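**Student:** First the structure, then my questions, so here it is.
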Amino acid sequence: ITSMTSANLFPGVKVILVETSHPGNIGAAARAMKNMGLTELVLVNPLDFPNMQAVFRSASAGDVVRDAQVVGSVEEAIADCQLVIGTSARERRIPWPLLTPRECGEKVVTAFRGEQKVGLLFGRESRGLKNEELQQCQFHVNIPTGEAYSSLNLAMAVQVICYEVLQAKLADSHDAGNAKEQWDLPFADSAAVEYFYDHLETTLIQVGFHDPDNPRQLMTRLRRLFNRVRIDSME
Ligand code: SAH
């Protein structure tokens, strides 16, 4: 019997699967995670769960499947996260700070060493993550592929990202002390940042700067602006 605690090398780092349609993918993702030392799985509105297919496909990661937290929205899944990274198979209209899988692994490990909560967001098999979901992330990560086919199976994408997270941890375990991010206050979590955007939007409407009937990409651009400075909890 493997206990949860010894299997989890990354407490506070969650893999979040959004509206997964195939339970088999949930199981395969759980296995990919546990192989790399991650065990915190969150499912946002899974289409068909619990389902034995998920347990079968997880092989010896049944504990990860059984302990998965099921929530009703992405907001709920990331509310306590100070670093949120979204995966994406394609370019979006307004480009976001983009990481390679390797850089993503390093960011996650640096945040983990700084005791930040981290969410890694994975999208629907059919259509990935929505723009509004991607805009709640500080960074996007794209797994480079052959040109002809850029969309990996969901669990395979989880495998690649979790592999890079573990490799980054193994690489810096010699000088763990140096890897901490230097900042005096904790970074704001997603819930606090969302309150801020709500308040900002209302205020901009009240002062007549923002026209909700003709929003252009104002809120998206403001999200990208504030995103670049990493707001802390005091700010
Ligand atoms: N057809 C969808 C792709 C869905 S693939 C689209 O065009 O967006 C399901 C999920 O696997 C994606 O949401 C993402 O989380 C992950 N994924 C697949 N391929 C990826 C890639 N090349 N880079 C990063 N994530 C990828």
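By convention in this document, the chains of the structure tokens carry letters A, B, ... by their order, each chain's residues are numbered from 1, and ligands are numbered from 1 in the order they are shown.
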Where does DSSP see strand (DSSP E) in range 97-144 of chain A, if you list the residues as JSON, numbers by chain?
**Tutor:** {"A": [98, 99, 118, 119, 120, 121, 122, 139, 140, 141]}
**Student:** Could you turn the residues from that selection into a file that holds N, CA, C and O atoms, as a PDB file, in the first residue's frame?
**Tutor:**
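Just written: result30.pdb:
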ATOM      1  N   LEU A  98       3.861  33.138 -22.814  1.00  0.00           N
ATOM      2  CA  LEU A  98       3.861  31.723 -23.202  1.00  0.00           C
ATOM      3  C   LEU A  98       5.135  31.029 -22.718  1.00  0.00           C
ATOM      4  O   LEU A  98       6.230  31.553 -22.884  1.00  0.00           O
ATOM      5  N   LEU A  99       4.969  29.872 -22.111  1.00  0.00           N
ATOM      6  CA  LEU A  99       6.104  29.101 -21.605  1.00  0.00           C
ATOM      7  C   LEU A  99       6.297  27.839 -22.432  1.00  0.00           C
ATOM      8  O   LEU A  99       5.330  27.285 -22.959  1.00  0.00           O
ATOM      9  N   VAL A 118      -0.387  26.169  -6.597  1.00  0.00           N
ATOM     10  CA  VAL A 118      -0.272  26.190  -8.048  1.00  0.00           C
ATOM     11  C   VAL A 118      -1.395  25.372  -8.688  1.00  0.00           C
ATOM     12  O   VAL A 118      -1.724  24.287  -8.200  1.00  0.00           O
ATOM     13  N   GLY A 119      -1.968  25.911  -9.763  1.00  0.00           N
ATOM     14  CA  GLY A 119      -2.959  25.162 -10.544  1.00  0.00           C
ATOM     15  C   GLY A 119      -2.498  25.006 -11.981  1.00  0.00           C
ATOM     16  O   GLY A 119      -2.081  25.983 -12.601  1.00  0.00           O
ATOM     17  N   LEU A 120      -2.546  23.775 -12.476  1.00  0.00           N
ATOM     18  CA  LEU A 120      -2.221  23.513 -13.876  1.00  0.00           C
ATOM     19  C   LEU A 120      -3.515  23.123 -14.569  1.00  0.00           C
ATOM     20  O   LEU A 120      -4.126  22.105 -14.230  1.00  0.00           O
ATOM     21  N   LEU A 121      -3.948  23.942 -15.514  1.00  0.00           N
ATOM     22  CA  LEU A 121      -5.276  23.776 -16.129  1.00  0.00           C
ATOM     23  C   LEU A 121      -5.182  23.041 -17.462  1.00  0.00           C
ATOM     24  O   LEU A 121      -4.428  23.452 -18.350  1.00  0.00           O
ATOM     25  N   PHE A 122      -6.002  22.009 -17.602  1.00  0.00           N
ATOM     26  CA  PHE A 122      -6.080  21.253 -18.860  1.00  0.00           C
ATOM     27  C   PHE A 122      -7.510  21.296 -19.383  1.00  0.00           C
ATOM     28  O   PHE A 122      -8.460  21.191 -18.604  1.00  0.00           O
ATOM     29  N   PHE A 139       0.156  32.386 -17.041  1.00  0.00           N
ATOM     30  CA  PHE A 139       0.969  31.931 -18.168  1.00  0.00           C
ATOM     31  C   PHE A 139       0.213  30.856 -18.934  1.00  0.00           C
ATOM     32  O   PHE A 139      -0.629  30.164 -18.365  1.00  0.00           O
ATOM     33  N   HIS A 140       0.571  30.742 -20.208  1.00  0.00           N
ATOM     34  CA  HIS A 140       0.123  29.606 -21.003  1.00  0.00           C
ATOM     35  C   HIS A 140       1.342  28.754 -21.326  1.00  0.00           C
ATOM     36  O   HIS A 140       2.458  29.263 -21.378  1.00  0.00           O
ATOM     37  N   VAL A 141       1.095  27.470 -21.495  1.00  0.00           N
ATOM     38  CA  VAL A 141       2.177  26.582 -21.906  1.00  0.00           C
ATOM     39  C   VAL A 141       1.699  25.793 -23.110  1.00  0.00           C
ATOM     40  O   VAL A 141       0.561  25.336 -23.158  1.00  0.00           O
TER      41      VAL A 141
END
**Student:** Mind dumping a table of every chain A residue within 9 Å of ligand 1, with the nearest atom pair and its distance in Å to one decimal, using only C-alpha atoms and all ligand atoms, sorted by chain and rising number, as a Markdown table?
**Tutor:**
| residue | atom | partner | partner_atom_place_in_ligand_line | distance |
| --- | --- | --- | --- | --- |
| A:Leu17 | CA | ligand 1 | 15 (O) | 7.8 |
| A:Val18 | CA | ligand 1 | 13 (O) | 8.2 |
| A:Thr20 | CA | ligand 1 | 9 (C) | 8.6 |
| A:Gly86 | CA | ligand 1 | 15 (O) | 7.1 |
| A:Thr87 | CA | ligand 1 | 25 (N) | 4.3 |
| A:Ser88 | CA | ligand 1 | 24 (C) | 4.3 |
| A:Ala89 | CA | ligand 1 | 21 (C) | 3.8 |
| A:Arg90 | CA | ligand 1 | 8 (O) | 6.3 |
| A:Pro101 | CA | ligand 1 | 24 (C) | 8.3 |
| A:Leu120 | CA | ligand 1 | 15 (O) | 8.9 |
| A:Leu121 | CA | ligand 1 | 15 (O) | 6.5 |
| A:Phe122 | CA | ligand 1 | 15 (O) | 3.3 |
| A:Gly123 | CA | ligand 1 | 13 (O) | 3.1 |
| A:Arg124 | CA | ligand 1 | 9 (C) | 5.1 |
| A:Glu125 | CA | ligand 1 | 9 (C) | 4.1 |
| A:Ser126 | CA | ligand 1 | 1 (N) | 4.9 |
| A:Arg127 | CA | ligand 1 | 2 (C) | 3.9 |
| A:Gly128 | CA | ligand 1 | 13 (O) | 3.2 |
| A:Leu129 | CA | ligand 1 | 13 (O) | 5.3 |
| A:Lys130 | CA | ligand 1 | 8 (O) | 8.4 |
| A:His140 | CA | ligand 1 | 24 (C) | 8.4 |
| A:Val141 | CA | ligand 1 | 24 (C) | 5.9 |
| A:Asn142 | CA | ligand 1 | 23 (N) | 3.8 |
| A:Ile143 | CA | ligand 1 | 23 (N) | 3.6 |
| A:Pro144 | CA | ligand 1 | 22 (N) | 5.7 |
| A:Thr145 | CA | ligand 1 | 22 (N) | 6.0 |
| A:Tyr149 | CA | ligand 1 | 22 (N) | 8.6 |
| A:Ser150 | CA | ligand 1 | 22 (N) | 5.0 |
| A:Ser151 | CA | ligand 1 | 19 (N) | 3.7 |
| A:Leu152 | CA | ligand 1 | 19 (N) | 3.7 |
| A:Asn153 | CA | ligand 1 | 5 (S) | 5.7 |
| A:Leu154 | CA | ligand 1 | 11 (O) | 3.8 |
| A:Ala155 | CA | ligand 1 | 11 (O) | 7.1 |
| A:Met156 | CA | ligand 1 | 11 (O) | 7.6 |
| A:Ala157 | CA | ligand 1 | 17 (N) | 5.0 |
| A:Val158 | CA | ligand 1 | 16 (C) | 7.1 |
| A:Val160 | CA | ligand 1 | 24 (C) | 8.8 |
| A:Ile161 | CA | ligand 1 | 24 (C) | 8.3 |
**Student:** Between A:Ala148, A:Leu200, A:Val109, A:Val207, which has the minimum distance to Phe10 in chain A (counting only C-alpha atoms)?
**Tutor:**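 Of the candidates, the smallest distance to Phe10 in chain A is held by A:Val109.
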**Student:** For Asp198 in chain A, which of A:Arg223, A:Arg92, A:Arg66, A:Lys34 is the closest residue, counting only C-alpha atoms?
**Tutor:**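 Once distances to Asp198 in chain A are computed over only C-alpha atoms, the minimum belongs to A:Arg223.
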**Student:** I'd like to know which of A:Asn35, A:Ser60, A:Ser73, A:Thr100 is closest to Glu19 in chain A, using only C-alpha atoms.
**Tutor:**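 So, comparing all the options, the nearest one is A:Ser73.
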**Student:** Could the residues of range 54-102 of chain A that have an atom at most 8 Å from range 180-189 of chain A be listed as JSON lines, each with its closest atom pair and the distance in Å to one decimal, counting only C-alpha atoms and ordered by chain and ascending residue number?
**Tutor:**
{"residue": "A:Ala79", "atom": "CA", "partner": "A:Asp189", "partner_atom": "CA", "distance": 6.4}
{"residue": "A:Asp80", "atom": "CA", "partner": "A:Asp189", "partner_atom": "CA", "distance": 5.3}
{"residue": "A:Cys81", "atom": "CA", "partner": "A:Asp189", "partner_atom": "CA", "distance": 5.0}
{"residue": "A:Gln82", "atom": "CA", "partner": "A:Asp189", "partner_atom": "CA", "distance": 4.2}
{"residue": "A:Leu83", "atom": "CA", "partner": "A:Asp189", "partner_atom": "CA", "distance": 7.5}
**Student:** Go ahead and write the selection's residues with N, CA, C and O atoms as a PDB file, in the first residue's frame.
**Tutor:**
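This is the output file out_15.pdb:
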ATOM      1  N   ALA A  79      -9.412  29.111  -6.999  1.00  0.00           N
ATOM      2  CA  ALA A  79      -9.596  30.232  -6.059  1.00  0.00           C
ATOM      3  C   ALA A  79      -8.394  30.425  -5.136  1.00  0.00           C
ATOM      4  O   ALA A  79      -7.982  31.553  -4.872  1.00  0.00           O
ATOM      5  N   ASP A  80      -7.808  29.348  -4.628  1.00  0.00           N
ATOM      6  CA  ASP A  80      -6.710  29.473  -3.660  1.00  0.00           C
ATOM      7  C   ASP A  80      -5.325  29.448  -4.318  1.00  0.00           C
ATOM      8  O   ASP A  80      -4.313  29.425  -3.627  1.00  0.00           O
ATOM      9  N   CYS A  81      -5.274  29.471  -5.649  1.00  0.00           N
ATOM     10  CA  CYS A  81      -3.975  29.351  -6.344  1.00  0.00           C
ATOM     11  C   CYS A  81      -3.343  30.722  -6.557  1.00  0.00           C
ATOM     12  O   CYS A  81      -4.006  31.672  -6.962  1.00  0.00           O
ATOM     13  N   GLN A  82      -2.032  30.803  -6.307  1.00  0.00           N
ATOM     14  CA  GLN A  82      -1.295  32.038  -6.554  1.00  0.00           C
ATOM     15  C   GLN A  82      -0.571  32.000  -7.895  1.00  0.00           C
ATOM     16  O   GLN A  82      -0.114  33.016  -8.396  1.00  0.00           O
ATOM     17  N   LEU A  83      -0.445  30.824  -8.438  1.00  0.00           N
ATOM     18  CA  LEU A  83       0.105  30.678  -9.788  1.00  0.00           C
ATOM     19  C   LEU A  83      -0.808  29.728 -10.553  1.00  0.00           C
ATOM     20  O   LEU A  83      -1.070  28.613 -10.102  1.00  0.00           O
TER      21      LEU A  83
END
**Student:** How far is it from CA of Val13 in chain A to CA of Trp96 in chain A, in Å with one decimal?
**Tutor:** 21.7 Å
**Student:** Given only C-alpha atoms as the basis, pick out the residue of A:Gln206, A:Ser190, A:Gln136, A:Asn25 nearest to Leu222 in chain A.
**Tutor:**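 Looking at the shortest contact to Leu222 in chain A, the residue is A:Gln136.
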**Student:** List the neighbours of Ala61 in chain A out to 12 Å using only C-alpha atoms; skip same-chain residues closer than 4 positions along the sequence, and give me the result as JSON, numbers by chain.
**Tutor:** {"A": [1, 2, 3, 4, 7, 8, 26, 27, 28, 29, 30, 31, 32, 33, 34, 35, 36, 37, 38, 39, 40, 41, 54, 55, 56, 57, 65, 66, 67, 68]}
**Student:** Would you return as a PyMOL selection string the members of range 72-207 of chain A that DSSP assigns to alpha helix (DSSP H) on this structure's backbone?
**Tutor:** chain A and resi 74-78+101-113+131-134+154-172+190-206
**Student:** Between CA of Asp63 in chain A and CA of Leu134 in chain A, what is the distance in Å, rounded to a tenth?
**Tutor:**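 These atoms are spaced 29.0 Å apart.
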**Student:** What is the distance between CA of Arg113 in chain A and CA of Glu132 in chain A, in Å to one decimal?
**Tutor:**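 The value is 28.7 Å.
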**Student:** I want to know what sits within 10 Å of Ile94 in chain A, based on only C-alpha atoms, with residues of the same chain fewer than 4 positions away left out; could you give that as an MDAnalysis selection string?
**Tutor:** chainID A and resid 131 135 217 220:221 224
**Student:** Could you write out the selected residues, including N, CA, C and O atoms, as a compact mmCIF listing (two decimals), in the first residue's frame?
**Tutor:**
# COMPACT_ATOMS: atom_id res chain seq x y z
N ASN A 131 -11.47 30.95 -23.96
CA ASN A 131 -10.65 32.16 -23.79
C ASN A 131 -10.76 32.72 -22.38
O ASN A 131 -9.77 33.12 -21.78
N GLN A 135 -7.73 33.33 -19.77
CA GLN A 135 -7.41 34.68 -19.28
C GLN A 135 -7.35 34.74 -17.76
O GLN A 135 -6.99 35.76 -17.19
N GLN A 217 -11.44 44.91 -26.56
CA GLN A 217 -10.82 43.84 -25.77
C GLN A 217 -10.31 44.45 -24.48
O GLN A 217 -9.29 44.02 -23.94
N THR A 220 -9.73 42.21 -21.35
CA THR A 220 -8.67 41.24 -21.66
C THR A 220 -7.30 41.91 -21.61
O THR A 220 -6.35 41.38 -21.03
N ARG A 221 -7.24 43.10 -22.21
CA ARG A 221 -5.95 43.79 -22.21
C ARG A 221 -5.54 44.23 -20.81
O ARG A 221 -4.36 44.19 -20.46
N ARG A 224 -4.19 41.31 -19.02
CA ARG A 224 -2.82 41.00 -19.44
C ARG A 224 -1.82 41.98 -18.83
O ARG A 224 -0.71 41.61 -18.47
**Student:** Restricting the calculation to only C-alpha atoms, which member of A:Val108, A:Met234, A:Ala77, A:Leu218 is positioned closest to Pro11 in chain A?
**Tutor:**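 Smallest separation from Pro11 in chain A among the options: A:Val108.
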**Student:** With only C-alpha atoms as the atoms that count, which of A:Val193, A:Leu9, A:Leu170, A:Met52 lies nearest to Glu235 in chain A?
**Tutor:**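 Ranking A:Val193, A:Leu9, A:Leu170, A:Met52 by distance to Glu235 in chain A, first place goes to A:Val193.
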